[in-house]
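Written out below as structure tokens is the structure these notes cover.
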Number of protein chains: 2
Amino acid sequence: MGIKVEKTKKLSASMEDYLEAIVLMKQDNDVARVRDISRFMNVRKPSVTGALNVLSEKGLVVHERYGYVDLTREGEKLAQKVLKKHKMMVKFLCGILKIDHEIAAIDACKMEHSISPQTFKKLSKFIEFVETCPDGERPDWLKSFDRYFKTGRRPECRVRQIKRKAKNKK
Amino acid sequence: MGIKVEKTKKLSASMEDYLEAIVLMKQDNDVARVRDISRFMNVRKPSVTGALNVLSEKGLVVHERYGYVDLTREGEKLAQKVLKKHKMMVKFLCGILKIDHEIAAIDACKMEHSISPQTFKKLSKFIEFVETCPDGERPDWLKSFDRYFKTGRRPECRVRQIKRKAKNKK
DNA sequence: GAAATATGTTAACGTTTCCTAACTAAGAAA
DNA sequence: TTTCTTAGTTAGGAAACGTTAACATATTTC
């Protein structure tokens with residue numbers, strides 16, 4: 001009865017992709033046009049028009065016929081959220097796990113739609129934790145992992161070395 | 001002409017979910033029935049029947065009318081693959097990142113469909129690396145991260161401490 | 001064994017998301 | 001300005017995946 005419920009409709013992965021593409025286009029070209037979105041997403045133009053109609057309905061996008069595409073404040077917010085997840089995921093896969101960039105990008109594109117807020121937060125902090133490590137570029141334990149992954153062997157950790165030294169002294 | 005091409009059709013996330021459910025049902029109840037799959041997946045029975053037809057066509061499932069559901073060897077292989085990804089993801093989210101189990105399960109359910117082989121391998125090794133750590137239950141660096149996440153502070157690493165000690169001695 | 005219940009299937013339909021073909025509008029070039 | 005090209009839209013349809021309603025088959029239970 002008159003109370004307007006903000007339907008924070010959950011967006012489909014597809015719609016999230018469109019939002020994401022729009023921000024990226026605006027970042028790169030200053031404006032977003034159907035054609036660019038279409039090319040970027042590997043999708044035909046009518047698909048873009050269709051998606052824009054849906055997103056307009058939801059109040060996430062502003063788009064007058066034959067005109068540029070823009071995001072509403074809410075659309076922008078959502079788009080940034082998705083973009084952040086994407087970038088975070090790439091950083092994790094590429095930067096920490098050292099997955100090939102191309103593959104990481106593909107994985108991130110899909111995973112960005114399935115990350116809960118809690119997981120996003122934790123993973124982001126994890127990345128921060130690694131990046132701000134005082135060891136230098138890459139923390140020692142991560143270098144250990146790199147070696148472990150390559151060789152299957154783990155450099156003995158300090159504790160053991162110390163123990164061994166002690167043993168030898170006896 | 002006549003060469004039978006093994007169409008290793010990529011399965012949709014949905015179909016992967018059905019396969020996964022079937023293995024789980026068989027593990028738990030010894031057999032898989034439409035009703036169980038339906039309940040487990042939160043989907044109506046006709047949807048299950050439909051999916052089973054699709055999977056039968058692809059040679060992944062054996063299902064005679066009104067009978068139990070079974071996996072072919074290939075179906076079993078694919079199902080296990082998905083299940084492995086799922087379990088790996090839960091281990092990572094829960095065991096390493098310490099995401100709440102419920103949320104981790106939800107995330108894993110979605111992410112399991114978007115993990116490339118390379119990422120799967122790396123993440124699996126990473127988990128192994130953590131689990132076989134000689135520090136004990138949880139590696140020291142991970143404990144550091146736990147603290148970092150909670151408090152935002154990072155315990156100073158050994159190198160610095162050593163440096164500081166040296167400084168103090170001067 | 002017959003009735004009641006549980007299980008499974010079919011048919012018809014809705015939604016989402018993509019496509020092609022054909023059309024319209026806008027912008028550039030002559 | 002008229003024409004050519006590019007960009008965008010509309011209409012119509014297909015595939016994937018889910019739903020409900022109605023029907024068919026198994027299984028219990030008395």
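Each chain of the structure tokens is named A, B, ... in the order shown, its residues numbered from 1; ligands are numbered from 1 in display order.
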
12 Å contacts from chain C to chain B using only C-alpha atoms (C1' of nucleotides), as a list of chain:residue names: C:DA6, C:DT7, C:DG8, C:DT9, C:DT10, C:DA11

Restrict the selected residues to C-alpha atoms (C1' of nucleotides) and save them as a PDB file, in the first residue's frame.
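out03.pdb, freshly written:
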```pdb
ATOM      1  C1'  DA C   6       4.107 -42.274  -3.919  1.00  0.00           C
ATOM      2  C1'  DT C   7       6.824 -41.756  -7.925  1.00  0.00           C
ATOM      3  C1'  DG C   8       7.715 -40.646 -12.741  1.00  0.00           C
ATOM      4  C1'  DT C   9       6.347 -38.866 -17.328  1.00  0.00           C
ATOM      5  C1'  DT C  10       4.155 -35.975 -20.788  1.00  0.00           C
ATOM      6  C1'  DA C  11       2.377 -31.833 -22.624  1.00  0.00           C
TER       7       DA C  11
END
```

Matching every Cα in sequence order between the two identical chains, what are the coordinates of chain A once fitted onto chain B? Write them as a PDB file with C-alpha atoms, in the first residue's frame.
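Okay, part-v3.pdb is ready:
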```pdb
ATOM      1  CA  MET A   1      32.589 -39.847 -43.417  1.00  0.00           C
ATOM      2  CA  GLY A   2      32.274 -42.583 -40.911  1.00  0.00           C
ATOM      3  CA  ILE A   3      34.741 -41.210 -38.466  1.00  0.00           C
ATOM      4  CA  LYS A   4      32.760 -40.931 -35.315  1.00  0.00           C
ATOM      5  CA  VAL A   5      33.757 -37.760 -33.594  1.00  0.00           C
ATOM      6  CA  GLU A   6      33.592 -37.966 -29.830  1.00  0.00           C
ATOM      7  CA  LYS A   7      31.712 -34.801 -29.176  1.00  0.00           C
ATOM      8  CA  THR A   8      33.082 -33.851 -25.810  1.00  0.00           C
ATOM      9  CA  LYS A   9      30.221 -31.422 -25.602  1.00  0.00           C
ATOM     10  CA  LYS A  10      30.768 -28.938 -22.901  1.00  0.00           C
ATOM     11  CA  LEU A  11      28.080 -29.331 -20.303  1.00  0.00           C
ATOM     12  CA  SER A  12      26.073 -26.427 -18.994  1.00  0.00           C
ATOM     13  CA  ALA A  13      26.378 -25.578 -15.337  1.00  0.00           C
ATOM     14  CA  SER A  14      22.924 -26.969 -14.888  1.00  0.00           C
ATOM     15  CA  MET A  15      23.740 -30.328 -16.391  1.00  0.00           C
ATOM     16  CA  GLU A  16      26.906 -30.518 -14.348  1.00  0.00           C
ATOM     17  CA  ASP A  17      24.775 -29.980 -11.288  1.00  0.00           C
ATOM     18  CA  TYR A  18      22.557 -32.892 -12.214  1.00  0.00           C
ATOM     19  CA  LEU A  19      25.532 -35.179 -12.711  1.00  0.00           C
ATOM     20  CA  GLU A  20      26.920 -34.102  -9.388  1.00  0.00           C
ATOM     21  CA  ALA A  21      23.646 -34.716  -7.642  1.00  0.00           C
ATOM     22  CA  ILE A  22      23.451 -38.189  -9.124  1.00  0.00           C
ATOM     23  CA  VAL A  23      26.840 -39.238  -7.792  1.00  0.00           C
ATOM     24  CA  LEU A  24      25.990 -37.862  -4.405  1.00  0.00           C
ATOM     25  CA  MET A  25      22.684 -39.711  -4.319  1.00  0.00           C
ATOM     26  CA  LYS A  26      24.401 -42.902  -5.276  1.00  0.00           C
ATOM     27  CA  GLN A  27      26.988 -42.375  -2.597  1.00  0.00           C
ATOM     28  CA  ASP A  28      24.423 -41.704   0.089  1.00  0.00           C
ATOM     29  CA  ASN A  29      21.519 -43.944  -0.862  1.00  0.00           C
ATOM     30  CA  ASP A  30      23.255 -46.480  -3.024  1.00  0.00           C
ATOM     31  CA  VAL A  31      20.863 -45.604  -5.838  1.00  0.00           C
ATOM     32  CA  ALA A  32      19.715 -42.399  -7.455  1.00  0.00           C
ATOM     33  CA  ARG A  33      16.029 -41.753  -8.040  1.00  0.00           C
ATOM     34  CA  VAL A  34      14.244 -38.892  -9.671  1.00  0.00           C
ATOM     35  CA  ARG A  35      12.582 -37.926  -6.452  1.00  0.00           C
ATOM     36  CA  ASP A  36      15.852 -37.692  -4.527  1.00  0.00           C
ATOM     37  CA  ILE A  37      17.540 -35.660  -7.191  1.00  0.00           C
ATOM     38  CA  SER A  38      14.541 -33.403  -7.334  1.00  0.00           C
ATOM     39  CA  ARG A  39      14.548 -32.808  -3.591  1.00  0.00           C
ATOM     40  CA  PHE A  40      18.274 -32.401  -3.379  1.00  0.00           C
ATOM     41  CA  MET A  41      18.430 -29.863  -6.170  1.00  0.00           C
ATOM     42  CA  ASN A  42      15.301 -28.000  -5.209  1.00  0.00           C
ATOM     43  CA  VAL A  43      13.790 -28.587  -8.563  1.00  0.00           C
ATOM     44  CA  ARG A  44      10.527 -30.189  -9.659  1.00  0.00           C
ATOM     45  CA  LYS A  45      10.444 -33.725 -10.865  1.00  0.00           C
ATOM     46  CA  PRO A  46       9.674 -32.948 -14.490  1.00  0.00           C
ATOM     47  CA  SER A  47      12.822 -30.871 -14.594  1.00  0.00           C
ATOM     48  CA  VAL A  48      14.795 -33.886 -13.492  1.00  0.00           C
ATOM     49  CA  THR A  49      13.171 -36.109 -16.091  1.00  0.00           C
ATOM     50  CA  GLY A  50      14.006 -33.514 -18.694  1.00  0.00           C
ATOM     51  CA  ALA A  51      17.607 -33.253 -17.625  1.00  0.00           C
ATOM     52  CA  LEU A  52      17.972 -37.027 -17.564  1.00  0.00           C
ATOM     53  CA  ASN A  53      16.781 -37.178 -21.145  1.00  0.00           C
ATOM     54  CA  VAL A  54      19.390 -34.670 -22.167  1.00  0.00           C
ATOM     55  CA  LEU A  55      22.123 -36.472 -20.291  1.00  0.00           C
ATOM     56  CA  SER A  56      21.024 -39.812 -21.718  1.00  0.00           C
ATOM     57  CA  GLU A  57      21.265 -38.397 -25.223  1.00  0.00           C
ATOM     58  CA  LYS A  58      24.812 -37.408 -24.478  1.00  0.00           C
ATOM     59  CA  GLY A  59      25.590 -40.867 -23.223  1.00  0.00           C
ATOM     60  CA  LEU A  60      26.327 -39.777 -19.692  1.00  0.00           C
ATOM     61  CA  VAL A  61      23.424 -41.353 -17.911  1.00  0.00           C
ATOM     62  CA  VAL A  62      21.474 -44.582 -18.130  1.00  0.00           C
ATOM     63  CA  HIS A  63      17.856 -44.291 -17.252  1.00  0.00           C
ATOM     64  CA  GLU A  64      15.027 -46.589 -18.223  1.00  0.00           C
ATOM     65  CA  ARG A  65      11.536 -45.310 -17.733  1.00  0.00           C
ATOM     66  CA  TYR A  66      10.372 -45.543 -14.154  1.00  0.00           C
ATOM     67  CA  GLY A  67      13.703 -47.015 -13.177  1.00  0.00           C
ATOM     68  CA  TYR A  68      16.748 -45.978 -11.221  1.00  0.00           C
ATOM     69  CA  VAL A  69      19.241 -43.541 -12.604  1.00  0.00           C
ATOM     70  CA  ASP A  70      22.779 -44.577 -13.301  1.00  0.00           C
ATOM     71  CA  LEU A  71      25.871 -43.012 -14.758  1.00  0.00           C
ATOM     72  CA  THR A  72      27.807 -44.339 -17.696  1.00  0.00           C
ATOM     73  CA  ARG A  73      31.541 -44.572 -17.286  1.00  0.00           C
ATOM     74  CA  GLU A  74      31.921 -41.227 -19.006  1.00  0.00           C
ATOM     75  CA  GLY A  75      29.158 -39.692 -16.931  1.00  0.00           C
ATOM     76  CA  GLU A  76      30.801 -40.925 -13.786  1.00  0.00           C
ATOM     77  CA  LYS A  77      34.076 -39.414 -14.864  1.00  0.00           C
ATOM     78  CA  LEU A  78      32.554 -36.037 -15.515  1.00  0.00           C
ATOM     79  CA  ALA A  79      30.520 -36.126 -12.336  1.00  0.00           C
ATOM     80  CA  GLN A  80      33.592 -36.877 -10.281  1.00  0.00           C
ATOM     81  CA  LYS A  81      35.434 -34.062 -11.943  1.00  0.00           C
ATOM     82  CA  VAL A  82      32.763 -31.595 -10.922  1.00  0.00           C
ATOM     83  CA  LEU A  83      32.552 -33.036  -7.446  1.00  0.00           C
ATOM     84  CA  LYS A  84      36.278 -32.732  -7.027  1.00  0.00           C
ATOM     85  CA  LYS A  85      36.181 -29.107  -8.023  1.00  0.00           C
ATOM     86  CA  HIS A  86      33.414 -28.520  -5.558  1.00  0.00           C
ATOM     87  CA  LYS A  87      35.233 -30.157  -2.701  1.00  0.00           C
ATOM     88  CA  MET A  88      38.451 -28.431  -3.551  1.00  0.00           C
ATOM     89  CA  MET A  89      36.720 -25.087  -3.555  1.00  0.00           C
ATOM     90  CA  VAL A  90      35.096 -25.733  -0.193  1.00  0.00           C
ATOM     91  CA  LYS A  91      38.404 -26.736   1.263  1.00  0.00           C
ATOM     92  CA  PHE A  92      39.999 -23.594  -0.001  1.00  0.00           C
ATOM     93  CA  LEU A  93      37.257 -21.251   1.109  1.00  0.00           C
ATOM     94  CA  CYS A  94      36.557 -22.959   4.398  1.00  0.00           C
ATOM     95  CA  GLY A  95      39.821 -24.510   5.342  1.00  0.00           C
ATOM     96  CA  ILE A  96      42.215 -21.857   4.186  1.00  0.00           C
ATOM     97  CA  LEU A  97      40.272 -18.620   4.017  1.00  0.00           C
ATOM     98  CA  LYS A  98      37.981 -19.577   6.894  1.00  0.00           C
ATOM     99  CA  ILE A  99      34.806 -18.517   5.183  1.00  0.00           C
ATOM    100  CA  ASP A 100      31.679 -19.709   7.003  1.00  0.00           C
ATOM    101  CA  HIS A 101      30.843 -23.161   5.831  1.00  0.00           C
ATOM    102  CA  GLU A 102      27.395 -22.299   4.547  1.00  0.00           C
ATOM    103  CA  ILE A 103      28.582 -19.426   2.463  1.00  0.00           C
ATOM    104  CA  ALA A 104      31.555 -21.384   1.229  1.00  0.00           C
ATOM    105  CA  ALA A 105      29.217 -24.127   0.094  1.00  0.00           C
ATOM    106  CA  ILE A 106      27.079 -21.682  -1.844  1.00  0.00           C
ATOM    107  CA  ASP A 107      30.070 -20.047  -3.488  1.00  0.00           C
ATOM    108  CA  ALA A 108      31.604 -23.404  -4.313  1.00  0.00           C
ATOM    109  CA  CYS A 109      28.385 -24.589  -5.930  1.00  0.00           C
ATOM    110  CA  LYS A 110      28.605 -21.772  -8.399  1.00  0.00           C
ATOM    111  CA  MET A 111      32.336 -21.538  -8.857  1.00  0.00           C
ATOM    112  CA  GLU A 112      32.801 -25.228  -9.493  1.00  0.00           C
ATOM    113  CA  HIS A 113      31.535 -24.628 -13.006  1.00  0.00           C
ATOM    114  CA  SER A 114      34.029 -21.942 -13.898  1.00  0.00           C
ATOM    115  CA  ILE A 115      37.355 -23.359 -12.861  1.00  0.00           C
ATOM    116  CA  SER A 116      39.837 -24.096 -15.598  1.00  0.00           C
ATOM    117  CA  PRO A 117      42.022 -27.183 -15.309  1.00  0.00           C
ATOM    118  CA  GLN A 118      45.045 -25.037 -14.694  1.00  0.00           C
ATOM    119  CA  THR A 119      43.429 -23.181 -11.856  1.00  0.00           C
ATOM    120  CA  PHE A 120      42.128 -26.406 -10.398  1.00  0.00           C
ATOM    121  CA  LYS A 121      45.586 -27.880 -10.380  1.00  0.00           C
ATOM    122  CA  LYS A 122      47.208 -24.854  -8.825  1.00  0.00           C
ATOM    123  CA  LEU A 123      44.606 -24.429  -6.152  1.00  0.00           C
ATOM    124  CA  SER A 124      44.684 -28.105  -5.301  1.00  0.00           C
ATOM    125  CA  LYS A 125      48.422 -27.984  -4.905  1.00  0.00           C
ATOM    126  CA  PHE A 126      48.076 -24.889  -2.819  1.00  0.00           C
ATOM    127  CA  ILE A 127      45.738 -26.662  -0.467  1.00  0.00           C
ATOM    128  CA  GLU A 128      48.096 -29.594  -0.288  1.00  0.00           C
ATOM    129  CA  PHE A 129      50.920 -27.201   0.405  1.00  0.00           C
ATOM    130  CA  VAL A 130      49.051 -25.773   3.349  1.00  0.00           C
ATOM    131  CA  GLU A 131      47.862 -29.099   4.676  1.00  0.00           C
ATOM    132  CA  THR A 132      51.214 -30.783   4.641  1.00  0.00           C
ATOM    133  CA  CYS A 133      52.940 -27.855   6.238  1.00  0.00           C
ATOM    134  CA  PRO A 134      55.451 -28.902   8.869  1.00  0.00           C
ATOM    135  CA  ASP A 135      54.444 -26.017  11.147  1.00  0.00           C
ATOM    136  CA  GLY A 136      51.545 -28.067  12.410  1.00  0.00           C
ATOM    137  CA  GLU A 137      47.834 -27.663  11.861  1.00  0.00           C
ATOM    138  CA  ARG A 138      47.995 -24.284  10.172  1.00  0.00           C
ATOM    139  CA  PRO A 139      51.135 -22.716   8.780  1.00  0.00           C
ATOM    140  CA  ASP A 140      52.500 -19.738  10.645  1.00  0.00           C
ATOM    141  CA  TRP A 141      52.059 -17.430   7.701  1.00  0.00           C
ATOM    142  CA  LEU A 142      48.378 -18.335   7.559  1.00  0.00           C
ATOM    143  CA  LYS A 143      48.013 -17.601  11.225  1.00  0.00           C
ATOM    144  CA  SER A 144      49.623 -14.301  10.440  1.00  0.00           C
ATOM    145  CA  PHE A 145      46.959 -13.727   7.880  1.00  0.00           C
ATOM    146  CA  ASP A 146      44.213 -14.614  10.313  1.00  0.00           C
ATOM    147  CA  ARG A 147      45.547 -11.960  12.621  1.00  0.00           C
ATOM    148  CA  TYR A 148      45.992  -9.510   9.806  1.00  0.00           C
ATOM    149  CA  PHE A 149      42.411 -10.010   8.785  1.00  0.00           C
ATOM    150  CA  LYS A 150      41.097  -9.530  12.287  1.00  0.00           C
ATOM    151  CA  THR A 151      43.277  -6.719  13.502  1.00  0.00           C
ATOM    152  CA  GLY A 152      44.670  -5.211  10.359  1.00  0.00           C
ATOM    153  CA  ARG A 153      48.083  -5.555  11.871  1.00  0.00           C
ATOM    154  CA  ARG A 154      50.781  -7.867  10.696  1.00  0.00           C
ATOM    155  CA  PRO A 155      53.094  -9.440  13.227  1.00  0.00           C
ATOM    156  CA  GLU A 156      56.515  -8.208  12.378  1.00  0.00           C
ATOM    157  CA  CYS A 157      58.391 -10.777  10.453  1.00  0.00           C
ATOM    158  CA  ARG A 158      61.536 -12.386  11.624  1.00  0.00           C
ATOM    159  CA  VAL A 159      63.853 -10.395   9.405  1.00  0.00           C
ATOM    160  CA  ARG A 160      62.742  -7.100  10.846  1.00  0.00           C
ATOM    161  CA  GLN A 161      62.902  -8.402  14.368  1.00  0.00           C
ATOM    162  CA  ILE A 162      66.411  -9.513  13.774  1.00  0.00           C
ATOM    163  CA  LYS A 163      67.297  -6.191  12.263  1.00  0.00           C
ATOM    164  CA  ARG A 164      65.755  -4.396  15.182  1.00  0.00           C
ATOM    165  CA  LYS A 165      67.633  -6.510  17.650  1.00  0.00           C
ATOM    166  CA  ALA A 166      70.829  -5.726  15.842  1.00  0.00           C
ATOM    167  CA  LYS A 167      69.989  -2.063  15.951  1.00  0.00           C
ATOM    168  CA  ASN A 168      69.352  -2.166  19.662  1.00  0.00           C
ATOM    169  CA  LYS A 169      72.671  -3.748  20.280  1.00  0.00           C
ATOM    170  CA  LYS A 170      74.531  -0.890  18.744  1.00  0.00           C
TER     171      LYS A 170
END
```

Within 10 Å of chain B: residues of chain D, using only C-alpha atoms (C1' of nucleotides), as a ChimeraX atom specification: /D:16-20,25-26

All alpha helix (DSSP H) residues (DSSP, backbone) inside range 28-169 of chain B, as a ChimeraX atom specification: /B:28-29,34-41,45-57,73-90,101-111,117-131,140-151,158-169

Write out, as a PDB file, in the first residue's frame, the residues just selected, with C-alpha atoms.
```
ATOM      1  CA  ASP B  28      24.434 -41.664   0.102  1.00  0.00           C
ATOM      2  CA  ASN B  29      21.522 -43.896  -0.848  1.00  0.00           C
ATOM      3  CA  VAL B  34      14.283 -38.850  -9.713  1.00  0.00           C
ATOM      4  CA  ARG B  35      12.608 -37.883  -6.487  1.00  0.00           C
ATOM      5  CA  ASP B  36      15.867 -37.626  -4.569  1.00  0.00           C
ATOM      6  CA  ILE B  37      17.587 -35.621  -7.232  1.00  0.00           C
ATOM      7  CA  SER B  38      14.580 -33.363  -7.396  1.00  0.00           C
ATOM      8  CA  ARG B  39      14.580 -32.737  -3.670  1.00  0.00           C
ATOM      9  CA  PHE B  40      18.302 -32.336  -3.439  1.00  0.00           C
ATOM     10  CA  MET B  41      18.457 -29.827  -6.245  1.00  0.00           C
ATOM     11  CA  LYS B  45      10.489 -33.680 -10.943  1.00  0.00           C
ATOM     12  CA  PRO B  46       9.741 -32.919 -14.586  1.00  0.00           C
ATOM     13  CA  SER B  47      12.898 -30.846 -14.708  1.00  0.00           C
ATOM     14  CA  VAL B  48      14.859 -33.867 -13.566  1.00  0.00           C
ATOM     15  CA  THR B  49      13.243 -36.100 -16.144  1.00  0.00           C
ATOM     16  CA  GLY B  50      14.106 -33.521 -18.763  1.00  0.00           C
ATOM     17  CA  ALA B  51      17.701 -33.272 -17.689  1.00  0.00           C
ATOM     18  CA  LEU B  52      18.053 -37.043 -17.598  1.00  0.00           C
ATOM     19  CA  ASN B  53      16.888 -37.226 -21.175  1.00  0.00           C
ATOM     20  CA  VAL B  54      19.507 -34.722 -22.204  1.00  0.00           C
ATOM     21  CA  LEU B  55      22.233 -36.527 -20.300  1.00  0.00           C
ATOM     22  CA  SER B  56      21.119 -39.874 -21.706  1.00  0.00           C
ATOM     23  CA  GLU B  57      21.383 -38.486 -25.222  1.00  0.00           C
ATOM     24  CA  ARG B  73      31.613 -44.605 -17.199  1.00  0.00           C
ATOM     25  CA  GLU B  74      32.003 -41.278 -18.946  1.00  0.00           C
ATOM     26  CA  GLY B  75      29.242 -39.740 -16.883  1.00  0.00           C
ATOM     27  CA  GLU B  76      30.879 -40.945 -13.731  1.00  0.00           C
ATOM     28  CA  LYS B  77      34.155 -39.445 -14.813  1.00  0.00           C
ATOM     29  CA  LEU B  78      32.634 -36.063 -15.491  1.00  0.00           C
ATOM     30  CA  ALA B  79      30.599 -36.136 -12.316  1.00  0.00           C
ATOM     31  CA  GLN B  80      33.671 -36.875 -10.256  1.00  0.00           C
ATOM     32  CA  LYS B  81      35.495 -34.067 -11.938  1.00  0.00           C
ATOM     33  CA  VAL B  82      32.832 -31.605 -10.924  1.00  0.00           C
ATOM     34  CA  LEU B  83      32.640 -33.024  -7.442  1.00  0.00           C
ATOM     35  CA  LYS B  84      36.374 -32.713  -7.037  1.00  0.00           C
ATOM     36  CA  LYS B  85      36.238 -29.080  -8.035  1.00  0.00           C
ATOM     37  CA  HIS B  86      33.473 -28.525  -5.571  1.00  0.00           C
ATOM     38  CA  LYS B  87      35.314 -30.155  -2.703  1.00  0.00           C
ATOM     39  CA  MET B  88      38.517 -28.390  -3.564  1.00  0.00           C
ATOM     40  CA  MET B  89      36.746 -25.072  -3.565  1.00  0.00           C
ATOM     41  CA  VAL B  90      35.136 -25.734  -0.197  1.00  0.00           C
ATOM     42  CA  HIS B 101      30.864 -23.260   5.841  1.00  0.00           C
ATOM     43  CA  GLU B 102      27.400 -22.438   4.564  1.00  0.00           C
ATOM     44  CA  ILE B 103      28.541 -19.532   2.487  1.00  0.00           C
ATOM     45  CA  ALA B 104      31.545 -21.440   1.255  1.00  0.00           C
ATOM     46  CA  ALA B 105      29.247 -24.207   0.090  1.00  0.00           C
ATOM     47  CA  ILE B 106      27.068 -21.789  -1.824  1.00  0.00           C
ATOM     48  CA  ASP B 107      30.033 -20.100  -3.453  1.00  0.00           C
ATOM     49  CA  ALA B 108      31.608 -23.421  -4.302  1.00  0.00           C
ATOM     50  CA  CYS B 109      28.406 -24.633  -5.934  1.00  0.00           C
ATOM     51  CA  LYS B 110      28.593 -21.807  -8.393  1.00  0.00           C
ATOM     52  CA  MET B 111      32.323 -21.517  -8.826  1.00  0.00           C
ATOM     53  CA  PRO B 117      42.083 -27.024 -15.350  1.00  0.00           C
ATOM     54  CA  GLN B 118      45.076 -24.826 -14.710  1.00  0.00           C
ATOM     55  CA  THR B 119      43.424 -23.022 -11.865  1.00  0.00           C
ATOM     56  CA  PHE B 120      42.183 -26.274 -10.432  1.00  0.00           C
ATOM     57  CA  LYS B 121      45.656 -27.709 -10.414  1.00  0.00           C
ATOM     58  CA  LYS B 122      47.239 -24.653  -8.851  1.00  0.00           C
ATOM     59  CA  LEU B 123      44.619 -24.277  -6.173  1.00  0.00           C
ATOM     60  CA  SER B 124      44.764 -27.965  -5.340  1.00  0.00           C
ATOM     61  CA  LYS B 125      48.487 -27.789  -4.952  1.00  0.00           C
ATOM     62  CA  PHE B 126      48.113 -24.715  -2.848  1.00  0.00           C
ATOM     63  CA  ILE B 127      45.805 -26.534  -0.500  1.00  0.00           C
ATOM     64  CA  GLU B 128      48.203 -29.428  -0.338  1.00  0.00           C
ATOM     65  CA  PHE B 129      50.995 -26.992   0.364  1.00  0.00           C
ATOM     66  CA  VAL B 130      49.109 -25.617   3.309  1.00  0.00           C
ATOM     67  CA  GLU B 131      47.956 -28.962   4.630  1.00  0.00           C
ATOM     68  CA  ASP B 140      52.486 -19.589  10.635  1.00  0.00           C
ATOM     69  CA  TRP B 141      52.021 -17.251   7.715  1.00  0.00           C
ATOM     70  CA  LEU B 142      48.344 -18.211   7.571  1.00  0.00           C
ATOM     71  CA  LYS B 143      47.982 -17.502  11.229  1.00  0.00           C
ATOM     72  CA  SER B 144      49.528 -14.173  10.469  1.00  0.00           C
ATOM     73  CA  PHE B 145      46.866 -13.622   7.899  1.00  0.00           C
ATOM     74  CA  ASP B 146      44.139 -14.570  10.355  1.00  0.00           C
ATOM     75  CA  ARG B 147      45.423 -11.908  12.678  1.00  0.00           C
ATOM     76  CA  TYR B 148      45.842  -9.434   9.856  1.00  0.00           C
ATOM     77  CA  PHE B 149      42.264  -9.984   8.841  1.00  0.00           C
ATOM     78  CA  LYS B 150      40.938  -9.524  12.331  1.00  0.00           C
ATOM     79  CA  THR B 151      43.086  -6.702  13.573  1.00  0.00           C
ATOM     80  CA  ARG B 158      61.363 -12.356  11.625  1.00  0.00           C
ATOM     81  CA  VAL B 159      63.699 -10.365   9.434  1.00  0.00           C
ATOM     82  CA  ARG B 160      62.654  -7.113  10.980  1.00  0.00           C
ATOM     83  CA  GLN B 161      62.823  -8.509  14.444  1.00  0.00           C
ATOM     84  CA  ILE B 162      66.304  -9.697  13.800  1.00  0.00           C
ATOM     85  CA  LYS B 163      67.258  -6.342  12.372  1.00  0.00           C
ATOM     86  CA  ARG B 164      65.761  -4.606  15.330  1.00  0.00           C
ATOM     87  CA  LYS B 165      67.626  -6.821  17.750  1.00  0.00           C
ATOM     88  CA  ALA B 166      70.820  -6.069  15.920  1.00  0.00           C
ATOM     89  CA  LYS B 167      70.070  -2.384  16.113  1.00  0.00           C
ATOM     90  CA  ASN B 168      69.463  -2.564  19.809  1.00  0.00           C
ATOM     91  CA  LYS B 169      72.751  -4.249  20.375  1.00  0.00           C
TER      92      LYS B 169
END
```

Enumerate, as a PDB file with C-alpha atoms, in the first residue's frame, the complete set of residues in chain B that a backbone-based DSSP assignment places in strand (DSSP E).
```pdb
ATOM      1  CA  VAL B  61      23.493 -41.388 -17.885  1.00  0.00           C
ATOM      2  CA  VAL B  62      21.526 -44.630 -18.081  1.00  0.00           C
ATOM      3  CA  HIS B  63      17.904 -44.307 -17.207  1.00  0.00           C
ATOM      4  CA  VAL B  69      19.295 -43.536 -12.577  1.00  0.00           C
ATOM      5  CA  ASP B  70      22.834 -44.583 -13.255  1.00  0.00           C
ATOM      6  CA  LEU B  71      25.938 -43.032 -14.693  1.00  0.00           C
TER       7      LEU B  71
END
```

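Take C1' of DT2 in chain D and C1' of DA22 in chain C: the distance between them is 23.2 Å.
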
12 Å contact set for DA3 in chain C, only C-alpha atoms (C1' of nucleotides), chain neighbours under 3 positions out, as a PyMOL selection string: chain D and resi 28-30

Emit the selected residues as a PDB file, in the first residue's frame, including N, CA and C atoms (P, O5', C5', C4', C3', O3' and C1' of nucleotides).
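The new file out35.pdb reads:
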```
ATOM      1  P    DT D  28       7.545 -50.459  -1.505  1.00  0.00           P
ATOM      2  O5'  DT D  28       6.469 -50.275  -0.351  1.00  0.00           O
ATOM      3  C5'  DT D  28       5.114 -50.312  -0.733  1.00  0.00           C
ATOM      4  C4'  DT D  28       4.309 -49.396   0.158  1.00  0.00           C
ATOM      5  C3'  DT D  28       3.981 -50.053   1.478  1.00  0.00           C
ATOM      6  O3'  DT D  28       3.675 -49.026   2.413  1.00  0.00           O
ATOM      7  C1'  DT D  28       2.079 -50.030   0.026  1.00  0.00           C
ATOM      8  P    DT D  29       3.449 -49.387   3.965  1.00  0.00           P
ATOM      9  O5'  DT D  29       1.882 -49.694   4.031  1.00  0.00           O
ATOM     10  C5'  DT D  29       0.947 -48.732   3.491  1.00  0.00           C
ATOM     11  C4'  DT D  29      -0.474 -49.251   3.637  1.00  0.00           C
ATOM     12  C3'  DT D  29      -0.657 -50.224   4.811  1.00  0.00           C
ATOM     13  O3'  DT D  29      -1.949 -49.985   5.366  1.00  0.00           O
ATOM     14  C1'  DT D  29      -1.354 -51.255   2.839  1.00  0.00           C
ATOM     15  P    DC D  30      -2.242 -50.216   6.847  1.00  0.00           P
ATOM     16  O5'  DC D  30      -3.746 -50.735   6.825  1.00  0.00           O
ATOM     17  C5'  DC D  30      -4.668 -50.158   5.870  1.00  0.00           C
ATOM     18  C4'  DC D  30      -5.610 -51.213   5.325  1.00  0.00           C
ATOM     19  C3'  DC D  30      -5.984 -52.292   6.315  1.00  0.00           C
ATOM     20  O3'  DC D  30      -7.341 -52.096   6.720  1.00  0.00           O
ATOM     21  C1'  DC D  30      -5.488 -53.209   4.146  1.00  0.00           C
TER      22       DC D  30
END
```
